[in-house]
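Participant: Pasting a structure here, questions to come.
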Amino acid sequence: MRVADYVAQFLKNLGVNEVFMLTGYGAMYLNDAIKLSGIKYYATRNEATAPIMAESYSRLKKKIGVACVTAGPGSTNAIPGLAEAYVDSAPIIVISGQVDYNQTTHSTKSKHIRTFGTAEINIVPIVKPITKYAEIIKNPKDTRYILEKAYHSAISGRPGPVWIDIPLNVQKYDINPKNLRRFKVNKNRVFIPKIINNIKKIINLLKKSSRPLIVAGNGVHQSGTSNQLRKIIYKTKIPVIFSRFAQDLFSHEEKYVFGQAGVKGSRYCKKIMNSCDLVLSFGCRLAPQFVGHDFSAFKNAKVVAIDIERDELNKKGQKIFLPINSDLSFFLPKLSNYISKTNFPNYSKWFSYCDRLKNENPIIKNKFQKNPIDLYYFMQKLGECSRKGDVLITDAGSNYYIGGQVWKFTKGQKEVTSGSNAAMGLSIPLAIGAAVAEPKSQILAVTGDGSLELNIQELKTISHNGFNIKLFVINNGGYVSMHNWADSLFKGRRLDTATDTGDGTLNLKNIAKAFDLNHYLINDVNSIKKDLKKILNDKKPLFVEVVTDSRQKIFDAFKDY
């Protein structure tokens with residue numbers, strides 16, 4: 001069989017049934033093999049979106065996502081999406097086509113040749129810093145070894161993207177699969193006594209604490225340990241707060257759940273974070289956006305952090321009293337087992353304090369129900385009207401921050417967003433990846449009128465495939481988040497104005513029509529519930545324009561409350 005056919009069969013054997021790709025000469029044998037294999041392929045309009053779609057797919061499916069791109073500019077176009085998968089720890093495989101090996105820059109072994117073949121670039125050293133593994137297949141006999149190593153690298157430890165570059169002469173080369181060498185996995189040894197010792201330290205700290213707090217991060221999602229975490233919470237009766245990535249772990253109305261914390265968290269999160277005396281952080285990197293830019297949120301607490309990435313525990317920033325380098329999928333079940341057999345102090349006074357703060361400080365107040373529509377009010381109503389199984393998606397800017405502050409996930413909804421980069425233009429490709437991963441779910445994606453333009457071409461991918469995606473485009477005159485910074489920090493000196501950049505000038509109804517999408521307008525606060533009910537009962541893709549206040553204020557939990 002051809003190497004290209006072996007690659008496609010390898011993906012099928014992994015359970016990969018969908019691939020996101022943009023065809024091109026440099027990947028033509030790979031493209032042909034994918035079609036012959038029966039793998040469903042989704043044609044993107046720009047390679048930049050293929051890895052983003054694969055990331056969203058991977059996060060919802062809890063398995064590997066795959067993107068395939070062509071050589072040269074096709075590969076470099078995919079780098080922004082690759083970076084997203086890297087910082088958000090999504091296991092995806094990007095397979096790039098390449099010119100014949102003897103025409104590659106790589107084959108010259110020179111560091112000073114910029115490009116050799118036509119539409120060719122030495123992509124591997126470019127992507128290595130933002131992948132867990134990147135390699136070019138020079139020898140067809142190494143195909144199995146490189147594929148298996150790449151897959152293992154993507155899913156093991158802290159997940160992340162990998163990249164495989166395959167020249168045309170290798171793609172079409174005939175091989176006998178029986179003669180290919182394999183990759184042997186070296187299993188990491190887990191030192192049980194050290195784990196148990198750390199668990200005992202945690203239990204002793206809990207017994208001495210009067211105001212403990214649990215922090216849940218993306219690691220809980222990736223390790224599949226939400227059930228163990230819930231058992232720990234209800235046994236110990238300790239309040240829990242979420243990083244943005246953990247927002248949808250549990251309903252925010254559950255007894256011990258206190259929602260999203262951090263700079264763009266709830267009105268009450270700062271007081272809880274400042275008042276606790278012990279923090280148990282599970283799979284959260286304790287970023288500045290979470291613990292404050294001066295790293296002072298937990299200034300009165302001892303912080304215990306369990307993280308699979310040793311460097312996250314050793315980096316500057318949040319001071320960690322007890323760093324524990326461990327995989328939560330191994331650590332949390334053992335911790336849960338020990339906790340189930342232990343009696344803890346009565347934390348009811350601490351819980352009552354947190355619960356009172358939560359009940360007395362809702363993010364939404366009566367004054368938010370007004371025209372022009374306040375984005376806080378609209379986003380809250382969208383969350384309330386969404387249904388079990390729906391996937392909620394936000395883009396960068398105001399809708400990203402506000403969605404994190406008001407959505408409660410009371411019906412088991414899921415969320416996909418650009419958690420680390422907060423990147424503009426991701427809602428549309430994230431929504432497409434989600435629609436492929438969850439074909440029976442409704443995808444409720446929110447983007448801004450500025451963010452819309454970055455990947456506007458993929459609107460055609462939505463309409464062409466008939467995805468059940470409702471895209472809510474917030475029309476607030478463009479770049480409200482950036483206008484807020486200019487107004488508050490630079491005395492109103494704005495760069496992103498209609499005069500300078502033409503922002504806010506798109507006719508959104510015409511945009512929807514151009515991409516064969518039905519357009520719906522929401523511009524009155526009094527009809528939002530009725531509008532959303534009608535929209536959510538429609539199974540077809542829909543472009544929804546939501547006209548909101550152009551002077552929207554976004555609250556900072558560490559400054560405004």
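Scheme for the structure tokens: letters A, B, ... for chains in order shown; per-chain residue numbers from 1; ligand numbers from 1 in order shown.
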Neighbouring residues of Pro125 of chain A were defined as those with any atom within 10 Å, considering only C-alpha atoms; residues of the same chain fewer than 2 positions away were excluded. Please report them as a PDB file with all heavy atoms, in the first residue's frame.

Facilitator:
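Result saved to around_11.pdb:
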ATOM      1  N   HIS A 106      14.853  21.111   4.132  1.00  0.00           N
ATOM      2  CA  HIS A 106      15.367  20.154   5.117  1.00  0.00           C
ATOM      3  C   HIS A 106      16.476  19.299   4.524  1.00  0.00           C
ATOM      4  O   HIS A 106      17.482  19.001   5.181  1.00  0.00           O
ATOM      5  CB  HIS A 106      14.217  19.270   5.624  1.00  0.00           C
ATOM      6  CG  HIS A 106      14.576  18.395   6.785  1.00  0.00           C
ATOM      7  ND1 HIS A 106      15.257  17.204   6.632  1.00  0.00           N
ATOM      8  CD2 HIS A 106      14.357  18.532   8.117  1.00  0.00           C
ATOM      9  CE1 HIS A 106      15.419  16.641   7.820  1.00  0.00           C
ATOM     10  NE2 HIS A 106      14.888  17.430   8.746  1.00  0.00           N
ATOM     11  N   ASN A 122      10.493  24.815   5.376  1.00  0.00           N
ATOM     12  CA  ASN A 122      10.907  23.816   6.366  1.00  0.00           C
ATOM     13  C   ASN A 122      10.046  24.009   7.612  1.00  0.00           C
ATOM     14  O   ASN A 122      10.405  24.731   8.536  1.00  0.00           O
ATOM     15  CB  ASN A 122      12.389  23.989   6.684  1.00  0.00           C
ATOM     16  CG  ASN A 122      12.935  22.827   7.483  1.00  0.00           C
ATOM     17  OD1 ASN A 122      12.261  21.823   7.698  1.00  0.00           O
ATOM     18  ND2 ASN A 122      14.181  22.949   7.929  1.00  0.00           N
ATOM     19  N   ILE A 123       8.905  23.362   7.642  1.00  0.00           N
ATOM     20  CA  ILE A 123       7.886  23.643   8.651  1.00  0.00           C
ATOM     21  C   ILE A 123       8.213  23.069  10.021  1.00  0.00           C
ATOM     22  O   ILE A 123       7.820  23.642  11.054  1.00  0.00           O
ATOM     23  CB  ILE A 123       6.498  23.137   8.173  1.00  0.00           C
ATOM     24  CG1 ILE A 123       5.377  23.706   9.061  1.00  0.00           C
ATOM     25  CG2 ILE A 123       6.453  21.622   8.120  1.00  0.00           C
ATOM     26  CD1 ILE A 123       5.196  25.189   8.965  1.00  0.00           C
ATOM     27  N   VAL A 127       7.312  24.743  13.835  1.00  0.00           N
ATOM     28  CA  VAL A 127       6.219  24.308  14.714  1.00  0.00           C
ATOM     29  C   VAL A 127       6.703  23.570  15.963  1.00  0.00           C
ATOM     30  O   VAL A 127       5.922  23.366  16.899  1.00  0.00           O
ATOM     31  CB  VAL A 127       5.207  23.416  13.951  1.00  0.00           C
ATOM     32  CG1 VAL A 127       4.612  24.186  12.789  1.00  0.00           C
ATOM     33  CG2 VAL A 127       5.849  22.114  13.471  1.00  0.00           C
ATOM     34  N   LYS A 128       7.969  23.181  16.006  1.00  0.00           N
ATOM     35  CA  LYS A 128       8.463  22.424  17.164  1.00  0.00           C
ATOM     36  C   LYS A 128       8.207  23.107  18.500  1.00  0.00           C
ATOM     37  O   LYS A 128       7.835  22.449  19.476  1.00  0.00           O
ATOM     38  CB  LYS A 128       9.948  22.110  17.001  1.00  0.00           C
ATOM     39  CG  LYS A 128      10.199  20.736  16.393  1.00  0.00           C
ATOM     40  CD  LYS A 128      11.649  20.309  16.505  1.00  0.00           C
ATOM     41  CE  LYS A 128      11.788  18.870  15.984  1.00  0.00           C
ATOM     42  NZ  LYS A 128      13.189  18.396  16.035  1.00  0.00           N
ATOM     43  N   PRO A 129       8.405  24.434  18.617  1.00  0.00           N
ATOM     44  CA  PRO A 129       8.189  25.068  19.922  1.00  0.00           C
ATOM     45  C   PRO A 129       6.741  25.036  20.404  1.00  0.00           C
ATOM     46  O   PRO A 129       6.487  25.235  21.590  1.00  0.00           O
ATOM     47  CB  PRO A 129       8.644  26.520  19.682  1.00  0.00           C
ATOM     48  CG  PRO A 129       9.539  26.464  18.496  1.00  0.00           C
ATOM     49  CD  PRO A 129       8.974  25.378  17.637  1.00  0.00           C
ATOM     50  N   ILE A 130       5.780  24.799  19.508  1.00  0.00           N
ATOM     51  CA  ILE A 130       4.376  24.777  19.922  1.00  0.00           C
ATOM     52  C   ILE A 130       3.720  23.425  19.630  1.00  0.00           C
ATOM     53  O   ILE A 130       2.523  23.335  19.347  1.00  0.00           O
ATOM     54  CB  ILE A 130       3.573  25.923  19.269  1.00  0.00           C
ATOM     55  CG1 ILE A 130       3.780  25.985  17.753  1.00  0.00           C
ATOM     56  CG2 ILE A 130       3.935  27.244  19.906  1.00  0.00           C
ATOM     57  CD1 ILE A 130       2.888  27.010  17.072  1.00  0.00           C
ATOM     58  N   ALA A 134       7.223  16.929  16.647  1.00  0.00           N
ATOM     59  CA  ALA A 134       7.116  17.318  15.238  1.00  0.00           C
ATOM     60  C   ALA A 134       8.217  16.620  14.456  1.00  0.00           C
ATOM     61  O   ALA A 134       9.377  16.630  14.877  1.00  0.00           O
ATOM     62  CB  ALA A 134       7.227  18.828  15.081  1.00  0.00           C
ATOM     63  N   GLU A 135       7.866  16.020  13.312  1.00  0.00           N
ATOM     64  CA  GLU A 135       8.851  15.261  12.553  1.00  0.00           C
ATOM     65  C   GLU A 135       8.466  15.203  11.081  1.00  0.00           C
ATOM     66  O   GLU A 135       7.283  15.257  10.727  1.00  0.00           O
ATOM     67  CB  GLU A 135       8.957  13.839  13.112  1.00  0.00           C
ATOM     68  CG  GLU A 135      10.106  13.018  12.550  1.00  0.00           C
ATOM     69  CD  GLU A 135      11.469  13.656  12.763  1.00  0.00           C
ATOM     70  OE1 GLU A 135      12.074  13.413  13.822  1.00  0.00           O
ATOM     71  OE2 GLU A 135      11.892  14.414  11.858  1.00  0.00           O
TER      72      GLU A 135
END

Participant: Got a sec to tell me which of segment 66-125 of chain A DSSP assigns to helix (DSSP H, G or I), as a list in words?

Facilitator: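 Of segment 66-125 of chain A, only Pro73, Gly74, Ser75, Thr76, Asn77, Ile79, Pro80, Gly81, Leu82, Ala83, Glu84, Ala85, Tyr86, Val87, Tyr101, Asn102, Gln103, Thr105, His106, Ser107, Thr108, Ile123, Val124 and Pro125 of chain A fall in helix (DSSP H, G or I).
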
Participant: Residues of the last selection are to be written out with N, CA and C atoms, as a PDB file, in the first residue's frame.

Facilitator:
ATOM      1  N   PRO A  73       2.625  27.559   2.168  1.00  0.00           N
ATOM      2  CA  PRO A  73       1.668  28.475   2.804  1.00  0.00           C
ATOM      3  C   PRO A  73       0.513  27.749   3.475  1.00  0.00           C
ATOM      4  N   GLY A  74       0.178  26.548   2.990  1.00  0.00           N
ATOM      5  CA  GLY A  74      -0.865  25.763   3.651  1.00  0.00           C
ATOM      6  C   GLY A  74      -0.460  25.418   5.067  1.00  0.00           C
ATOM      7  N   SER A  75       0.809  25.055   5.230  1.00  0.00           N
ATOM      8  CA  SER A  75       1.317  24.714   6.559  1.00  0.00           C
ATOM      9  C   SER A  75       1.435  25.944   7.452  1.00  0.00           C
ATOM     10  N   THR A  76       1.984  27.013   6.915  1.00  0.00           N
ATOM     11  CA  THR A  76       2.149  28.207   7.751  1.00  0.00           C
ATOM     12  C   THR A  76       0.803  28.819   8.129  1.00  0.00           C
ATOM     13  N   ASN A  77      -0.194  28.669   7.244  1.00  0.00           N
ATOM     14  CA  ASN A  77      -1.533  29.163   7.586  1.00  0.00           C
ATOM     15  C   ASN A  77      -2.101  28.461   8.816  1.00  0.00           C
ATOM     16  N   ILE A  79      -0.605  27.553  11.513  1.00  0.00           N
ATOM     17  CA  ILE A  79       0.113  27.805  12.769  1.00  0.00           C
ATOM     18  C   ILE A  79      -0.763  28.471  13.839  1.00  0.00           C
ATOM     19  N   PRO A  80      -1.590  29.474  13.520  1.00  0.00           N
ATOM     20  CA  PRO A  80      -2.429  30.062  14.582  1.00  0.00           C
ATOM     21  C   PRO A  80      -3.323  29.031  15.273  1.00  0.00           C
ATOM     22  N   GLY A  81      -3.925  28.147  14.490  1.00  0.00           N
ATOM     23  CA  GLY A  81      -4.759  27.103  15.091  1.00  0.00           C
ATOM     24  C   GLY A  81      -3.945  26.124  15.898  1.00  0.00           C
ATOM     25  N   LEU A  82      -2.749  25.827  15.423  1.00  0.00           N
ATOM     26  CA  LEU A  82      -1.847  24.945  16.164  1.00  0.00           C
ATOM     27  C   LEU A  82      -1.507  25.556  17.520  1.00  0.00           C
ATOM     28  N   ALA A  83      -1.234  26.850  17.534  1.00  0.00           N
ATOM     29  CA  ALA A  83      -0.908  27.542  18.780  1.00  0.00           C
ATOM     30  C   ALA A  83      -2.060  27.455  19.770  1.00  0.00           C
ATOM     31  N   GLU A  84      -3.292  27.567  19.280  1.00  0.00           N
ATOM     32  CA  GLU A  84      -4.456  27.437  20.154  1.00  0.00           C
ATOM     33  C   GLU A  84      -4.489  26.063  20.816  1.00  0.00           C
ATOM     34  N   ALA A  85      -4.296  25.024  20.020  1.00  0.00           N
ATOM     35  CA  ALA A  85      -4.319  23.663  20.566  1.00  0.00           C
ATOM     36  C   ALA A  85      -3.207  23.467  21.587  1.00  0.00           C
ATOM     37  N   TYR A  86      -2.078  24.128  21.351  1.00  0.00           N
ATOM     38  CA  TYR A  86      -0.935  23.979  22.258  1.00  0.00           C
ATOM     39  C   TYR A  86      -1.214  24.621  23.612  1.00  0.00           C
ATOM     40  N   VAL A  87      -1.652  25.868  23.623  1.00  0.00           N
ATOM     41  CA  VAL A  87      -1.862  26.550  24.903  1.00  0.00           C
ATOM     42  C   VAL A  87      -3.096  26.018  25.629  1.00  0.00           C
ATOM     43  N   TYR A 101      11.101  15.124  -1.223  1.00  0.00           N
ATOM     44  CA  TYR A 101      12.116  15.383  -0.199  1.00  0.00           C
ATOM     45  C   TYR A 101      13.387  16.009  -0.771  1.00  0.00           C
ATOM     46  N   ASN A 102      13.786  15.605  -1.963  1.00  0.00           N
ATOM     47  CA  ASN A 102      15.031  16.148  -2.513  1.00  0.00           C
ATOM     48  C   ASN A 102      14.897  17.608  -2.951  1.00  0.00           C
ATOM     49  N   GLN A 103      13.665  18.152  -2.859  1.00  0.00           N
ATOM     50  CA  GLN A 103      13.456  19.577  -3.136  1.00  0.00           C
ATOM     51  C   GLN A 103      13.149  20.383  -1.863  1.00  0.00           C
ATOM     52  N   THR A 105      13.927  22.209   1.825  1.00  0.00           N
ATOM     53  CA  THR A 105      14.987  22.916   2.535  1.00  0.00           C
ATOM     54  C   THR A 105      15.656  21.982   3.534  1.00  0.00           C
ATOM     55  N   HIS A 106      14.853  21.111   4.132  1.00  0.00           N
ATOM     56  CA  HIS A 106      15.367  20.154   5.117  1.00  0.00           C
ATOM     57  C   HIS A 106      16.476  19.299   4.524  1.00  0.00           C
ATOM     58  N   SER A 107      16.323  18.920   3.250  1.00  0.00           N
ATOM     59  CA  SER A 107      17.308  18.016   2.618  1.00  0.00           C
ATOM     60  C   SER A 107      18.644  18.700   2.367  1.00  0.00           C
ATOM     61  N   THR A 108      18.664  20.034   2.359  1.00  0.00           N
ATOM     62  CA  THR A 108      19.929  20.745   2.107  1.00  0.00           C
ATOM     63  C   THR A 108      20.838  20.749   3.335  1.00  0.00           C
ATOM     64  N   ILE A 123       8.905  23.362   7.642  1.00  0.00           N
ATOM     65  CA  ILE A 123       7.886  23.643   8.651  1.00  0.00           C
ATOM     66  C   ILE A 123       8.213  23.069  10.021  1.00  0.00           C
ATOM     67  N   VAL A 124       8.936  21.951  10.085  1.00  0.00           N
ATOM     68  CA  VAL A 124       9.150  21.270  11.364  1.00  0.00           C
ATOM     69  C   VAL A 124       9.825  22.152  12.419  1.00  0.00           C
ATOM     70  N   PRO A 125      10.963  22.800  12.112  1.00  0.00           N
ATOM     71  CA  PRO A 125      11.555  23.653  13.155  1.00  0.00           C
ATOM     72  C   PRO A 125      10.694  24.849  13.539  1.00  0.00           C
TER      73      PRO A 125
END

Participant: Where does DSSP see strand (DSSP E) in segment 365-497 of chain A, if you list the residues as a VMD selection string?

Facilitator: chain A and resid 391 to 393 414 to 416 443 to 448 469 to 475

Participant: Keeping only all heavy atoms, write the selected residues to a file as a short mmCIF file (atom, residue, chain, number, x, y, z; two decimals), in the first residue's frame.

Facilitator:
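Output contents, as saved in again_39.cif:
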data_model
loop_
_atom_site.label_atom_id
_atom_site.label_comp_id
_atom_site.auth_asym_id
_atom_site.auth_seq_id
_atom_site.Cartn_x
_atom_site.Cartn_y
_atom_site.Cartn_z
N VAL A 391 -24.13 23.06 23.30
CA VAL A 391 -22.73 23.47 23.45
C VAL A 391 -22.67 24.98 23.32
O VAL A 391 -23.11 25.54 22.31
CB VAL A 391 -21.81 22.81 22.40
CG1 VAL A 391 -20.36 23.25 22.61
CG2 VAL A 391 -21.91 21.28 22.48
N LEU A 392 -22.16 25.65 24.35
CA LEU A 392 -22.05 27.10 24.37
C LEU A 392 -20.62 27.52 24.00
O LEU A 392 -19.65 26.96 24.53
CB LEU A 392 -22.40 27.63 25.76
CG LEU A 392 -23.84 27.33 26.22
CD1 LEU A 392 -23.99 27.62 27.71
CD2 LEU A 392 -24.84 28.15 25.43
N ILE A 393 -20.51 28.48 23.09
CA ILE A 393 -19.20 28.89 22.58
C ILE A 393 -19.10 30.41 22.60
O ILE A 393 -20.05 31.10 22.24
CB ILE A 393 -18.98 28.34 21.16
CG1 ILE A 393 -18.88 26.81 21.19
CG2 ILE A 393 -17.72 28.94 20.52
CD1 ILE A 393 -18.81 26.15 19.84
N LYS A 414 -22.44 22.14 27.78
CA LYS A 414 -20.97 22.12 27.69
C LYS A 414 -20.50 23.46 27.13
O LYS A 414 -21.25 24.16 26.45
CB LYS A 414 -20.51 20.98 26.78
CG LYS A 414 -20.92 19.60 27.27
CD LYS A 414 -20.55 18.53 26.26
CE LYS A 414 -21.07 17.17 26.68
NZ LYS A 414 -20.77 16.11 25.67
N GLU A 415 -19.22 23.78 27.40
CA GLU A 415 -18.66 25.02 26.86
C GLU A 415 -17.35 24.73 26.16
O GLU A 415 -16.53 23.93 26.63
CB GLU A 415 -18.41 26.06 27.95
CG GLU A 415 -17.87 27.37 27.36
CD GLU A 415 -17.54 28.43 28.39
OE1 GLU A 415 -17.22 28.08 29.54
OE2 GLU A 415 -17.60 29.63 28.03
N VAL A 416 -17.16 25.39 25.03
CA VAL A 416 -15.87 25.37 24.33
C VAL A 416 -15.50 26.82 24.04
O VAL A 416 -16.32 27.58 23.50
CB VAL A 416 -15.93 24.58 23.01
CG1 VAL A 416 -14.56 24.60 22.32
CG2 VAL A 416 -16.36 23.14 23.26
N ILE A 443 -25.52 23.91 18.70
CA ILE A 443 -24.34 24.70 19.02
C ILE A 443 -24.74 26.17 19.07
O ILE A 443 -25.22 26.73 18.07
CB ILE A 443 -23.22 24.49 17.96
CG1 ILE A 443 -23.04 22.99 17.63
CG2 ILE A 443 -21.93 25.13 18.45
CD1 ILE A 443 -22.69 22.12 18.80
N LEU A 444 -24.56 26.79 20.24
CA LEU A 444 -24.90 28.19 20.43
C LEU A 444 -23.61 28.97 20.54
O LEU A 444 -22.95 28.98 21.59
CB LEU A 444 -25.76 28.37 21.68
CG LEU A 444 -27.01 27.46 21.77
CD1 LEU A 444 -27.76 27.71 23.07
CD2 LEU A 444 -27.92 27.69 20.56
N ALA A 445 -23.22 29.61 19.45
CA ALA A 445 -21.93 30.29 19.37
C ALA A 445 -22.13 31.79 19.34
O ALA A 445 -22.97 32.30 18.59
CB ALA A 445 -21.17 29.82 18.13
N VAL A 446 -21.34 32.48 20.15
CA VAL A 446 -21.42 33.94 20.20
C VAL A 446 -20.11 34.53 19.70
O VAL A 446 -19.03 34.09 20.10
CB VAL A 446 -21.70 34.43 21.64
CG1 VAL A 446 -21.95 35.94 21.64
CG2 VAL A 446 -22.88 33.69 22.26
N THR A 447 -20.21 35.51 18.83
CA THR A 447 -19.02 36.20 18.33
C THR A 447 -19.31 37.69 18.28
O THR A 447 -20.46 38.12 18.36
CB THR A 447 -18.60 35.68 16.95
OG1 THR A 447 -17.31 36.21 16.60
CG2 THR A 447 -19.60 36.06 15.87
N GLY A 448 -18.26 38.48 18.16
CA GLY A 448 -18.43 39.93 18.05
C GLY A 448 -18.43 40.37 16.60
O GLY A 448 -17.96 39.64 15.71
N ILE A 469 -26.02 25.12 13.98
CA ILE A 469 -25.27 26.16 14.68
C ILE A 469 -26.08 27.45 14.66
O ILE A 469 -26.51 27.90 13.59
CB ILE A 469 -23.90 26.40 14.01
CG1 ILE A 469 -23.00 25.17 14.14
CG2 ILE A 469 -23.21 27.63 14.62
CD1 ILE A 469 -21.70 25.27 13.36
N LYS A 470 -26.30 28.01 15.81
CA LYS A 470 -26.90 29.34 15.90
C LYS A 470 -25.77 30.30 16.24
O LYS A 470 -25.21 30.25 17.34
CB LYS A 470 -27.98 29.38 17.00
CG LYS A 470 -29.05 28.29 16.85
CD LYS A 470 -29.76 28.37 15.50
CE LYS A 470 -30.87 27.35 15.37
NZ LYS A 470 -30.41 25.95 15.29
N LEU A 471 -25.42 31.15 15.29
CA LEU A 471 -24.32 32.09 15.48
C LEU A 471 -24.90 33.45 15.87
O LEU A 471 -25.56 34.11 15.07
CB LEU A 471 -23.49 32.22 14.20
CG LEU A 471 -22.28 33.16 14.32
CD1 LEU A 471 -21.23 32.56 15.25
CD2 LEU A 471 -21.66 33.43 12.95
N PHE A 472 -24.64 33.85 17.11
CA PHE A 472 -25.11 35.14 17.62
C PHE A 472 -23.99 36.16 17.44
O PHE A 472 -22.94 36.06 18.09
CB PHE A 472 -25.51 35.03 19.09
CG PHE A 472 -26.64 34.07 19.33
CD1 PHE A 472 -26.40 32.71 19.55
CD2 PHE A 472 -27.96 34.52 19.32
CE1 PHE A 472 -27.45 31.83 19.76
CE2 PHE A 472 -29.01 33.63 19.53
CZ PHE A 472 -28.76 32.28 19.75
N VAL A 473 -24.21 37.11 16.55
CA VAL A 473 -23.21 38.13 16.25
C VAL A 473 -23.58 39.40 17.01
O VAL A 473 -24.61 40.01 16.75
CB VAL A 473 -23.11 38.41 14.74
CG1 VAL A 473 -22.01 39.43 14.47
CG2 VAL A 473 -22.84 37.11 13.99
N ILE A 474 -22.73 39.78 17.96
CA ILE A 474 -23.01 40.94 18.80
C ILE A 474 -22.64 42.22 18.05
O ILE A 474 -21.46 42.48 17.81
CB ILE A 474 -22.24 40.86 20.14
CG1 ILE A 474 -22.52 39.52 20.83
CG2 ILE A 474 -22.60 42.04 21.03
CD1 ILE A 474 -23.98 39.24 21.09
N ASN A 475 -23.65 42.98 17.68
CA ASN A 475 -23.44 44.24 16.97
C ASN A 475 -23.42 45.38 18.00
O ASN A 475 -24.46 45.86 18.45
CB ASN A 475 -24.57 44.46 15.96
CG ASN A 475 -24.38 45.75 15.15
OD1 ASN A 475 -23.54 46.58 15.47
ND2 ASN A 475 -25.19 45.92 14.11
#

Participant: Rank A:Asn17, A:Asn46, A:Thr115, A:Gln98 by their smallest atom-to-atom distance to Gly65 of chain A, using only C-alpha atoms, and report the top residue only.

Facilitator: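 Going through A:Asn17, A:Asn46, A:Thr115, A:Gln98 one by one, the smallest distance to Gly65 of chain A is for A:Asn17.
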
Participant: From the set A:Met273, A:Ile522, A:Cys354, A:Leu532, which residue has the shortest atom-to-atom contact distance to Phe558 of chain A, counting only C-alpha atoms?

Facilitator: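 That would be A:Met273, the residue with the smallest distance to Phe558 of chain A.
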
Participant: Pick out the closest residue to Asn343 of chain A from this set: A:Asn204, A:Gln171, A:Ser110, A:Ser37. Count only C-alpha atoms.

Facilitator: A:Asn204

Participant: Compile the contact shell of segment 512-520 of chain A as a PyMOL selection string: residues with an atom at most 6 Å away, counting only C-alpha atoms, same-chain residues fewer than 3 positions apart removed.

Facilitator: chain A and resi 460+509+542-544

Participant: Could you pull the residues within 7 Å of Asp549 of chain A, counting only C-alpha atoms, minus those fewer than 3 positions along the same chain, as a ChimeraX atom specification?

Facilitator: /A:372-374,476,552

Participant: Limited to C-alpha atoms, could you put the picked residues into a file as a JSON list (two decimals), in the first residue's frame?

Facilitator:
[["chain", "number", "residue", "atom", "x", "y", "z"],
["A", 372, "PRO", "CA", -30.05, 49.30, 24.13],
["A", 373, "ILE", "CA", -29.58, 45.69, 25.21],
["A", 374, "ASP", "CA", -27.01, 45.09, 27.93],
["A", 476, "ASN", "CA", -22.08, 46.85, 19.38],
["A", 552, "GLN", "CA", -20.92, 48.13, 27.37]]

Participant: Identify, on the basis of only C-alpha atoms, every residue whose closest approach to Lys539 of chain A does not exceed 8 Å; exclude the query and any residue fewer than 2 positions from it along the same chain; express the result as a PyMOL selection string.

Facilitator: chain A and resi 442+468+536-537+541

Participant: Once you have the residues from the selection above, write them out as a PDB file, in the first residue's frame, restricted to C-alpha atoms.

Facilitator:
ATOM      1  CA  GLN A 442     -27.336  22.374  19.162  1.00  0.00           C
ATOM      2  CA  ASN A 468     -27.236  23.071  13.677  1.00  0.00           C
ATOM      3  CA  LEU A 536     -33.724  27.419  19.488  1.00  0.00           C
ATOM      4  CA  ASN A 537     -36.685  25.529  18.008  1.00  0.00           C
ATOM      5  CA  PRO A 541     -28.129  27.056  10.875  1.00  0.00           C
TER       6      PRO A 541
END

Participant: With only C-alpha atoms as the atoms that count, which of A:Gln289, A:Ser326, A:Asn300, A:Asn227 lies nearest to Arg189 of chain A?

Facilitator: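 Once distances to Arg189 of chain A are computed over only C-alpha atoms, the minimum belongs to A:Ser326.
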
Participant: For each of A:Phe250, A:Tyr376, A:Trp163, A:Tyr151, take the minimum atom-to-atom distance to Phe183 of chain A, counting only C-alpha atoms, then give the residue where this is smallest.

Facilitator: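 Among the listed residues, the smallest separation from Phe183 of chain A belongs to A:Tyr151.
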
Participant: Env of Asn169 of chain A: 12 Å cut, atoms = only C-alpha atoms, seq-sep filter 6 positions within chain, self excluded. Answer as a list of chain:residue names.

Facilitator: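 So the residues in contact are A:Arg2, A:Val3, A:Ala4, A:Gly26, A:Ala27, A:Met28, A:Tyr29, A:Leu30, A:Gly97, A:Gln98, A:Val99, A:Asp100, A:Tyr101, A:Asn102, A:Gln103, A:Thr104, A:Ile137, A:Lys138, A:Asn139, A:Pro140.
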